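Q: So I've got this file, my_file-v7.txt, and it contains compact mmCIF, C-alpha atoms:
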```txt
# COMPACT_ATOMS: atom_id res chain seq x y z
CA MET E 1 73.79 86.68 148.10
CA GLU E 2 75.74 89.28 146.16
CA LEU E 3 75.02 92.34 148.27
CA LYS E 4 74.64 95.72 146.55
CA THR E 5 72.78 97.79 149.13
CA LEU E 6 72.41 97.66 152.91
CA ASP E 7 70.01 99.71 155.05
CA ILE E 8 70.33 99.91 158.84
CA PHE E 9 67.53 101.29 161.01
CA CYS E 10 68.12 102.65 164.52
CA GLU E 11 65.52 104.02 166.93
CA ILE E 12 67.31 106.07 169.58
CA ILE E 13 65.48 106.11 172.92
CA ASP E 14 67.34 107.97 175.68
CA ASN E 15 71.05 107.20 175.49
CA TYR E 16 74.02 106.73 173.19
CA GLY E 17 74.22 102.94 173.31
CA ASP E 18 71.97 102.11 170.36
CA ILE E 19 73.43 104.65 167.95
CA GLY E 20 76.93 103.80 169.18
CA VAL E 21 76.49 100.17 168.12
CA VAL E 22 74.81 101.06 164.81
CA TYR E 23 77.45 103.65 163.95
CA ARG E 24 80.19 101.10 164.57
CA VAL E 25 78.47 98.29 162.62
CA ALA E 26 77.79 100.56 159.65
CA LYS E 27 81.39 101.74 159.41
CA GLU E 28 82.82 98.24 159.68
CA LEU E 29 80.43 96.63 157.20
CA LYS E 30 81.11 99.41 154.70
CA LYS E 31 84.83 98.79 155.16
CA ARG E 32 84.51 95.02 154.85
CA PHE E 33 82.25 95.09 151.78
CA GLU E 34 84.38 97.94 150.38
CA ASN E 35 82.93 100.06 147.57
CA ASP E 36 80.71 97.30 146.23
CA VAL E 37 77.92 98.01 148.73
CA LYS E 38 75.97 101.21 149.33
CA VAL E 39 75.25 101.60 153.07
CA ARG E 40 72.53 103.84 154.51
CA VAL E 41 71.68 104.43 158.18
CA PHE E 42 68.18 105.65 159.10
CA LEU E 43 67.72 107.41 162.47
CA ASN E 44 64.58 108.53 164.26
CA ARG E 45 66.46 111.54 165.67
CA LYS E 46 69.85 113.23 165.34
CA ASP E 47 70.90 114.72 168.72
CA GLU E 48 72.90 111.73 169.97
CA PHE E 49 74.47 111.14 166.56
CA LEU E 50 75.62 114.76 166.38
CA LYS E 51 77.50 114.24 169.64
CA ILE E 52 79.21 110.93 168.89
CA ASN E 53 80.36 112.17 165.45
CA SER E 54 81.73 115.71 165.56
CA GLU E 55 81.58 115.97 161.76
CA ALA E 56 77.84 115.29 161.56
CA GLU E 57 75.46 118.12 160.67
CA ASN E 58 71.90 118.88 161.74
CA THR E 59 70.27 117.86 158.49
CA GLY E 60 67.89 115.18 157.28
CA PHE E 61 70.34 113.68 154.78
CA GLN E 62 74.12 113.62 154.81
CA GLU E 63 77.05 111.45 153.77
CA LEU E 64 79.97 110.72 156.09
CA ASP E 65 82.76 108.32 155.16
CA GLN E 66 80.73 107.07 152.17
CA ILE E 67 77.75 106.18 154.39
CA SER E 68 74.40 107.98 154.09
CA TYR E 69 72.72 109.07 157.33
CA ILE E 70 69.02 109.78 156.88
CA THR E 71 66.31 110.76 159.35
CA PHE E 72 62.96 109.00 159.52
CA ASP E 73 61.26 112.30 158.67
CA TYR E 74 63.36 112.74 155.53
CA LEU E 75 62.63 109.13 154.57
CA LYS E 76 58.86 109.61 154.90
CA GLU E 77 58.88 112.89 152.98
CA ASN E 78 60.90 111.39 150.12
CA ILE E 79 59.70 107.78 150.13
CA SER E 80 58.59 107.92 146.49
CA ASP E 81 62.23 108.51 145.47
CA ILE E 82 63.83 106.01 147.88
CA GLU E 83 64.17 102.36 146.93
CA THR E 84 64.47 99.76 149.68
CA SER E 85 67.65 97.76 150.19
CA ASP E 86 68.48 94.13 149.38
CA VAL E 87 69.30 93.55 153.04
CA ILE E 88 67.84 95.49 155.97
CA ILE E 89 69.22 95.48 159.51
CA GLU E 90 66.64 96.30 162.16
CA ALA E 91 68.69 97.28 165.21
CA PHE E 92 67.27 96.09 168.54
CA GLY E 93 63.76 95.42 167.29
CA CYS E 94 63.15 99.05 166.35
CA THR E 95 60.06 100.14 164.46
CA ILE E 96 60.87 100.72 160.80
CA PRO E 97 58.61 103.39 159.25
CA GLN E 98 55.60 101.78 157.63
CA GLU E 99 56.12 103.76 154.42
CA TYR E 100 59.44 101.96 153.93
CA MET E 101 58.16 98.53 154.96
CA GLU E 102 55.25 98.58 152.49
CA LYS E 103 57.81 98.77 149.69
CA ALA E 104 60.27 96.38 151.36
CA TYR E 105 57.89 93.42 151.68
CA ASN E 106 58.14 92.75 147.95
CA ASN E 107 61.33 94.55 146.92
CA SER E 108 63.81 93.47 149.62
CA THR E 109 65.17 90.00 150.39
CA LEU E 110 66.40 89.78 153.98
CA LEU E 111 65.50 91.58 157.21
CA ILE E 112 67.99 90.94 160.02
CA ASN E 113 66.83 91.75 163.54
CA LEU E 114 70.12 92.60 165.28
CA GLU E 115 69.30 92.07 168.95
CA TYR E 116 70.90 93.41 172.11
CA LEU E 117 73.99 91.67 173.45
CA SER E 118 73.25 88.88 175.90
CA ALA E 119 75.30 86.22 177.64
CA GLU E 120 72.38 83.94 178.53
CA ASP E 121 72.42 80.40 177.17
CA TRP E 122 69.00 80.56 175.48
CA ILE E 123 70.20 82.95 172.76
CA GLU E 124 72.12 80.16 171.03
CA ASP E 125 68.79 78.45 170.24
CA PHE E 126 67.29 81.64 168.80
CA HIS E 127 70.33 82.79 166.83
CA LEU E 128 69.57 82.75 163.07
CA GLN E 129 66.00 81.60 163.61
CA SER E 130 63.38 83.00 161.23
CA SER E 131 60.09 84.74 161.90
CA PRO E 132 57.25 85.09 159.37
CA LEU E 133 56.31 88.60 158.24
CA GLY E 134 52.97 87.57 156.78
CA LYS E 135 53.33 88.99 153.28
CA GLY E 136 55.70 89.50 150.40
CA LYS E 137 59.01 87.75 149.79
CA LEU E 138 60.92 89.45 152.63
CA LYS E 139 62.28 87.04 155.29
CA LYS E 140 63.13 88.02 158.87
CA ILE E 141 66.07 86.45 160.74
CA PHE E 142 67.12 86.97 164.37
CA PHE E 143 70.81 87.68 164.94
CA MET E 144 71.76 87.27 168.61
CA PRO E 145 75.07 88.80 169.77
CA GLY E 146 76.81 86.91 172.57
CA PHE E 147 80.02 85.50 174.01
CA THR E 148 80.11 82.02 172.47
CA GLU E 149 80.91 80.49 169.09
CA LYS E 150 77.25 79.50 168.61
CA SER E 151 75.97 83.05 169.18
CA GLY E 152 76.28 86.11 166.94
CA GLY E 153 79.44 87.23 168.75
CA VAL E 154 80.60 90.74 169.73
CA ILE E 155 81.58 93.72 167.60
CA ALA E 156 85.34 93.27 167.34
CA ASP E 157 85.68 95.78 164.51
CA SER E 158 89.04 96.31 162.88
CA GLY E 159 88.88 100.07 163.45
CA TYR E 160 88.77 99.64 167.20
CA LEU E 161 91.40 96.90 167.27
CA ASP E 162 93.68 99.20 165.28
CA THR E 163 93.05 101.92 167.87
CA VAL E 164 94.04 99.58 170.71
CA LYS E 165 97.28 98.71 168.92
CA ASN E 166 98.02 102.32 168.05
CA VAL E 167 97.50 103.60 171.61
CA ASN E 168 99.65 100.84 173.09
CA GLU E 169 102.46 101.60 170.64
CA ASN E 170 102.26 105.38 171.12
CA ARG E 171 101.41 105.66 174.79
CA ASP E 172 103.37 108.86 175.45
CA PHE E 173 101.43 110.73 172.76
CA TYR E 174 98.04 109.63 174.07
CA GLU E 175 98.96 110.27 177.69
CA LYS E 176 99.75 113.87 176.76
CA LYS E 177 96.55 114.13 174.73
CA TYR E 178 94.17 112.89 177.43
CA LEU E 179 96.07 112.88 180.74
CA GLY E 180 98.35 115.85 180.26
CA GLU E 181 96.85 117.88 183.11
CA ILE E 182 97.56 115.15 185.67
CA GLU E 183 100.57 115.80 187.88
CA ASN E 184 102.78 112.88 188.95
CA LEU E 185 101.06 110.67 186.36
CA GLU E 186 103.77 107.99 186.41
CA ASN E 187 103.06 107.29 190.10
CA SER E 188 99.26 107.39 189.85
CA ILE E 189 96.57 104.89 188.98
CA THR E 190 94.21 106.36 186.38
CA GLY E 191 90.79 105.13 185.36
CA THR E 192 87.53 106.16 183.73
CA VAL E 193 84.17 105.88 185.48
CA PHE E 194 81.11 105.74 183.22
CA SER E 195 78.01 104.54 185.06
CA TYR E 196 74.32 104.88 185.69
CA GLU E 197 73.20 106.41 188.99
CA LYS E 198 75.53 105.01 191.62
CA ASN E 199 76.44 105.50 195.28
CA PHE E 200 80.23 105.84 195.13
CA GLU E 201 80.84 105.92 198.89
CA PRO E 202 82.33 102.37 198.95
CA LEU E 203 84.62 103.25 196.04
CA PHE E 204 86.01 106.37 197.71
CA ARG E 205 86.30 104.52 201.02
CA ASP E 206 88.50 101.80 199.54
CA LEU E 207 90.51 104.13 197.33
CA LYS E 208 91.24 106.36 200.29
CA ASN E 209 92.87 103.41 202.06
CA LEU E 210 94.93 102.50 199.00
CA ASN E 211 98.59 103.48 199.30
CA ARG E 212 98.61 105.11 195.85
CA GLU E 213 97.46 108.31 194.25
CA VAL E 214 94.39 107.72 192.10
CA VAL E 215 92.87 109.83 189.32
CA LEU E 216 89.27 109.15 188.30
CA LEU E 217 87.95 110.56 185.05
CA ALA E 218 84.19 110.89 185.58
CA LEU E 219 82.35 110.50 182.26
CA GLY E 220 78.70 111.19 181.52
CA GLU E 221 76.03 113.14 183.34
CA LYS E 222 74.81 110.31 185.59
CA THR E 223 78.33 109.51 186.82
CA GLN E 224 79.21 113.12 187.44
CA GLU E 225 75.98 113.93 189.29
CA SER E 226 76.37 110.82 191.46
CA MET E 227 79.91 111.80 192.42
CA LYS E 228 78.93 115.40 193.09
CA LYS E 229 76.33 114.15 195.56
CA PHE E 230 79.07 112.23 197.38
CA PHE E 231 81.25 115.34 197.56
CA GLU E 232 78.34 117.47 198.81
CA LYS E 233 77.66 114.94 201.56
CA ASN E 234 81.34 114.94 202.57
CA SER E 235 81.81 118.74 202.30
CA VAL E 236 84.32 118.49 199.48
CA GLU E 237 84.56 121.60 197.32
CA LEU E 238 84.90 121.47 193.55
CA PHE E 239 87.61 123.57 191.91
CA GLY E 240 86.57 124.06 188.31
CA ASN E 241 86.17 120.61 186.83
CA GLN E 242 88.10 118.85 189.62
CA ALA E 243 87.68 117.63 193.18
CA LYS E 244 90.22 116.23 195.65
CA TYR E 245 89.45 113.64 198.32
CA GLY E 246 92.57 112.47 200.14
CA LYS E 247 94.91 111.01 197.50
CA ILE E 248 92.02 110.73 195.06
CA LYS E 249 91.58 113.31 192.33
CA VAL E 250 88.37 113.36 190.29
CA ILE E 251 88.25 115.14 186.96
CA PHE E 252 84.77 115.77 185.56
CA TYR E 253 85.76 115.02 182.01
CA ARG E 254 84.38 116.67 178.88
CA PHE E 255 82.06 114.83 176.51
CA LEU E 256 83.97 112.62 174.08
CA ASN E 257 83.00 111.41 170.65
CA GLN E 258 83.23 107.68 169.98
CA GLU E 259 86.76 107.70 168.60
CA GLU E 260 88.09 109.82 171.48
CA TYR E 261 86.47 107.56 174.09
CA GLU E 262 88.09 104.52 172.48
CA GLU E 263 91.51 106.13 172.71
CA LEU E 264 91.02 107.26 176.30
CA ILE E 265 90.03 103.90 177.76
CA ASN E 266 93.14 102.32 176.24
CA VAL E 267 95.52 104.80 177.86
CA THR E 268 94.10 104.50 181.41
CA ASP E 269 94.84 101.67 183.87
CA PHE E 270 91.25 100.57 184.39
CA ASN E 271 87.73 101.39 183.20
CA PHE E 272 84.32 101.27 184.83
CA VAL E 273 81.80 101.10 181.99
CA ARG E 274 78.07 100.84 181.47
CA GLY E 275 75.61 99.49 178.91
CA GLU E 276 76.67 97.46 175.89
CA ASP E 277 78.90 99.46 173.56
CA SER E 278 81.36 100.84 176.12
CA PHE E 279 81.39 97.45 177.86
CA ILE E 280 82.58 95.61 174.75
CA ARG E 281 85.17 98.34 174.11
CA ALA E 282 86.51 97.74 177.63
CA VAL E 283 86.52 93.95 177.16
CA LEU E 284 88.44 94.26 173.89
CA SER E 285 90.99 96.59 175.47
CA GLY E 286 92.26 93.73 177.63
CA LYS E 287 92.48 96.09 180.62
CA SER E 288 90.82 95.79 184.02
CA TYR E 289 87.14 96.79 184.01
CA LEU E 290 83.85 96.67 185.86
CA TRP E 291 80.51 96.55 184.03
CA HIS E 292 77.48 98.51 185.26
CA ILE E 293 74.35 96.97 183.74
CA TYR E 294 71.13 98.94 183.32
CA CYS E 295 68.82 97.83 186.13
CA GLN E 296 65.72 95.86 185.09
CA ASP E 297 62.58 94.62 186.82
CA GLU E 298 62.76 91.41 188.85
CA PHE E 299 66.58 91.55 188.76
CA ALA E 300 66.69 90.51 185.09
CA HIS E 301 69.97 92.42 184.78
CA MET E 302 71.54 90.01 187.26
CA ASP E 303 70.64 87.09 184.98
CA LYS E 304 72.56 88.84 182.20
CA LEU E 305 75.51 89.40 184.50
CA ASN E 306 75.54 85.78 185.68
CA GLY E 307 75.49 84.67 182.05
CA PHE E 308 78.50 86.83 181.25
CA LEU E 309 80.44 85.66 184.30
CA ASP E 310 79.74 82.06 183.37
CA LYS E 311 81.13 82.56 179.85
CA TYR E 312 84.12 84.48 181.21
CA LYS E 313 84.95 81.75 183.74
CA ARG E 314 84.79 79.04 181.08
CA VAL E 315 87.54 80.78 179.13
CA VAL E 316 89.90 81.81 181.94
CA ALA E 317 89.32 78.92 184.37
CA ASP E 318 92.21 76.87 183.03
CA LYS E 319 94.61 79.41 184.52
CA GLY E 320 93.79 77.71 187.81
CA ASP E 321 93.42 80.86 189.94
CA ASN E 322 90.33 80.13 192.00
CA GLU E 323 90.90 83.12 194.31
CA PHE E 324 90.77 85.44 191.30
CA ILE E 325 87.47 83.97 190.07
CA ILE E 326 85.82 84.16 193.50
CA ASN E 327 86.85 87.76 194.15
CA MET E 328 85.97 89.14 190.73
CA GLU E 329 82.64 87.34 190.59
CA LYS E 330 81.66 88.76 193.97
CA LEU E 331 82.68 92.31 193.01
CA PHE E 332 80.76 92.24 189.73
CA LYS E 333 77.64 91.00 191.51
CA ASP E 334 77.89 93.46 194.40
CA TYR E 335 78.54 96.31 191.97
CA ASN E 336 75.29 95.55 190.12
CA PHE E 337 72.90 94.21 192.76
CA ARG E 338 70.16 96.84 193.04
CA ARG E 339 66.40 97.03 192.61
CA GLU E 340 66.43 100.22 190.57
CA ASN E 341 68.82 102.80 189.17
CA ASN E 342 69.33 105.04 192.17
CA LEU E 343 71.89 106.02 194.83
CA GLU E 344 71.25 103.22 197.31
CA MET E 345 74.34 101.95 199.13
CA GLY E 346 75.96 98.82 197.74
CA ASN E 347 78.14 96.15 199.35
CA GLU E 348 81.13 96.49 197.02
CA ASP E 349 84.65 95.94 198.29
CA TYR E 350 87.15 97.21 195.72
CA ASN E 351 90.35 96.27 197.54
CA TYR E 352 91.06 93.11 195.58
CA PHE E 353 90.43 94.90 192.29
CA PHE E 354 92.86 97.76 192.88
CA ASN E 355 95.53 95.55 194.43
CA ASN E 356 95.47 93.10 191.52
CA LEU E 357 95.11 95.22 188.38
CA GLU E 358 97.95 93.38 186.62
CA LYS E 359 96.52 89.93 187.34
CA ILE E 360 93.05 91.02 186.25
CA GLY E 361 94.50 92.42 183.03
CA GLU E 362 96.27 89.13 182.29
CA ASN E 363 93.02 87.19 182.59
CA ASN E 364 91.11 89.79 180.59
CA GLU E 365 93.67 89.46 177.80
CA VAL E 366 92.90 85.74 177.59
CA PHE E 367 89.18 86.42 177.32
CA ARG E 368 89.73 89.25 174.81
CA ASN E 369 91.78 87.04 172.50
CA PHE E 370 89.17 84.28 172.67
CA LEU E 371 86.42 86.68 171.57
CA ILE E 372 88.44 88.16 168.72
CA GLN E 373 89.38 84.73 167.36
CA ASN E 374 86.05 82.95 167.83
CA CYS E 375 83.21 85.43 168.35
CA ASN E 376 83.59 88.29 165.87
CA LEU E 377 80.10 89.58 165.08
CA ILE E 378 81.15 91.42 161.93
CA ASN E 379 82.72 88.28 160.46
CA LYS E 380 79.64 86.23 161.33
CA LEU E 381 77.22 88.81 159.94
CA LYS E 382 79.10 89.28 156.69
CA CYS E 383 79.44 85.53 156.20
CA PHE E 384 75.73 84.95 156.85
CA ILE E 385 74.67 87.63 154.35
CA GLU E 386 77.01 86.32 151.65
CA LYS E 387 75.82 82.73 152.08
CA TYR E 388 72.10 83.57 152.29
```
What is this structure when it is put down as structure tokens?
A:
Amino acid sequence: MELKTLDIFCEIIDNYGDIGVVYRVAKELKKRFENDVKVRVFLNRKDEFLKINSEAENTGFQELDQISYITFDYLKENISDIETSDVIIEAFGCTIPQEYMEKAYNNSTLLINLEYLSAEDWIEDFHLQSSPLGKGKLKKIFFMPGFTEKSGGVIADSGYLDTVKNVNENRDFYEKKYLGEIENLENSITGTVFSYEKNFEPLFRDLKNLNREVVLLALGEKTQESMKKFFEKNSVELFGNQAKYGKIKVIFYRFLNQEEYEELINVTDFNFVRGEDSFIRAVLSGKSYLWHIYCQDEFAHMDKLNGFLDKYKRVVADKGDNEFIINMEKLFKDYNFRRENNLEMGNEDYNYFFNNLEKIGENNEVFRNFLIQNCNLINKLKCFIEKY
């Protein structure tokens, strides 16, 4: 198909993950198709988008970097003047306004349901499968992101990979930009913590016994509130946006837009991340990381984690370090084993992680390179559209 227009629909629920993915996909597809394709992004609400893009305005229609961002309300009010696109991407099974769909059934060609990232084996069977829409010429296809060649892959966009390279080559500049207030930085371990509700007592216990100074940059409301509860329990006073616990300094970091977050996690020594978008950014950094998955009923989140660990082990197993695999697998599982998102105590032991950051990074580099070379979602999506 010779693509001329592309519409992407995103229904934001209660976090930045969905819009973060859509924002990234839109920018990269516009870049890859160049000026030949008109890209529009339709959003049910604007608050989260206004935060991840500091140039965005509180309006129903705007253009940023040659991409149109349009609210559902604006779409409905102006539907008579808006033509549907050749190709439509429905992010995460969102509900596209009926006013648009009634025109799309006969005027559009392809509807791609871009699903959530998953590492479970079954997604390979569903990837690129079709689903009938019941009327018109429009066809619906499922696109399943994952960690294997037979899946839809991960978003290894060129913009982010350029950021990784740029930060690594200009580390002094970015250290001053993001870590400039940290004293004795060269002798400290620094890391970001971005999580759901979490009891951080085991983390502070193990870090306190570590023979190094540690600086934690607490990101996001849930992380910061969870850490503040720990400090309240242990009678630790906050001084402005900082707290000190033994050799551990915690900085309650300001909100970052997407580009700033990407730079920050590539200048720190490790990153604790949550959800999908920040997780893939951490994976593609090649640095040490832990992934906090959103808790689901009947421990469904643990199935996702086990799927990821299985794919990870397949790639790095030939390095022959069985001790590494055993320790990291246990930490990932202990870090995520919970019945609901709350402050219940976990069984994590972080000692291996913080004593082996270099080894972990070496293995993560192997996995990162595998994904970039074999599982690039943007390449797969562009190729599928062009061949359809």
Q: As an exercise, work out the distance from CA of His301 (chain E) to CA of Glu340 (chain E) in Å and give it to one decimal place.
A: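 About the pair CA of His301 (chain E) and CA of Glu340 (chain E): they are 10.3 Å apart.
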Q: Ranking E:Ala56, E:Leu256, E:Leu3, E:Leu117 by minimum distance to Arg32 (chain E) and counting all atoms listed in the file, which one comes first?
A: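 Closest residue, counting all atoms listed in the file: E:Leu3.
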Q: Check the smallest atom-to-atom distance from each of E:Asn170, E:Asn113, E:Asn336, E:Ser131 to Phe143 (chain E) using all atoms listed in the file, then report the winner.
A: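 Residue with the minimum atom-to-atom distance to Phe143 (chain E): E:Asn113.
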Q: Rounded to one decimal in Å, what is the spacing between CA of Leu111 (chain E) and CA of Leu371 (chain E)?
A: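 Going from CA of Leu111 (chain E) over to CA of Leu371 (chain E) covers 25.8 Å.
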Q: For CA of Ala26 (chain E) and CA of Gln258 (chain E), determine how far apart the two atoms are, in Å to one decimal place.
A: 13.7 Å
Q: Nearest to Ile123 (chain E): which of E:Leu377, E:Met144, E:Val87, E:Ile96 is it, counting all atoms listed in the file?
A: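 Under the stated criterion, the closest residue is E:Met144.
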Q: Go through E:Leu219, E:Ile189, E:Leu110, E:Val41 one by one, measure the shortest atom-to-atom distance of each to Tyr69 (chain E) using only C-alpha atoms, and give the residue with the smallest value.
A: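 Under the stated criterion, the closest residue is E:Val41.
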Q: Which residue is closest to Gly246 (chain E)? Choose from E:Leu179, E:Ala91, E:Val214, E:Leu29 and count all atoms listed in the file.
A: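 Closest candidate: E:Val214.
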Q: Counting only C-alpha atoms, which residue out of E:Lys4, E:Arg338, E:Lys165, E:Lys313 sits closest to Glu34 (chain E)?
A: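 Distance minimum relative to Glu34 (chain E) lands on E:Lys4.
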Q: Excluding region 381-384 of chain E and residues on its chain fewer than 4 positions from it, collect all residues at most 12 Å away from it, counting only C-alpha atoms, and give them as an NGL selection string.
A: :E and (1-3 or 6 or 25-26 or 28-34 or 37 or 87 or 89 or 110 or 112-114 or 127-128 or 141-145 or 151-157 or 375-377 or 388)
Q: So which residues touch Leu331 (chain E) within 9 Å, counting only C-alpha atoms, skipping near sequence neighbours fewer than 4 positions away, as an MDAnalysis selection string?
A: chainID E and resid 290 326:327 335:336 347:350 352:353
Q: Please produce a file of those selected residues containing C-alpha atoms, as a compact mmCIF listing (two decimals), in the frame of the given file.
A:
```
# COMPACT_ATOMS: atom_id res chain seq x y z
CA LEU E 290 83.85 96.67 185.86
CA ILE E 326 85.82 84.16 193.50
CA ASN E 327 86.85 87.76 194.15
CA TYR E 335 78.54 96.31 191.97
CA ASN E 336 75.29 95.55 190.12
CA ASN E 347 78.14 96.15 199.35
CA GLU E 348 81.13 96.49 197.02
CA ASP E 349 84.65 95.94 198.29
CA TYR E 350 87.15 97.21 195.72
CA TYR E 352 91.06 93.11 195.58
CA PHE E 353 90.43 94.90 192.29
```
Q: Determine, counting only C-alpha atoms, every residue of protein, DNA or RNA that lies within 9 Å of (89.6, 115.8, 195.9) in the file coordinates, then give the result as a ChimeraX atom specification.
A: /E:231,236-239,242-250
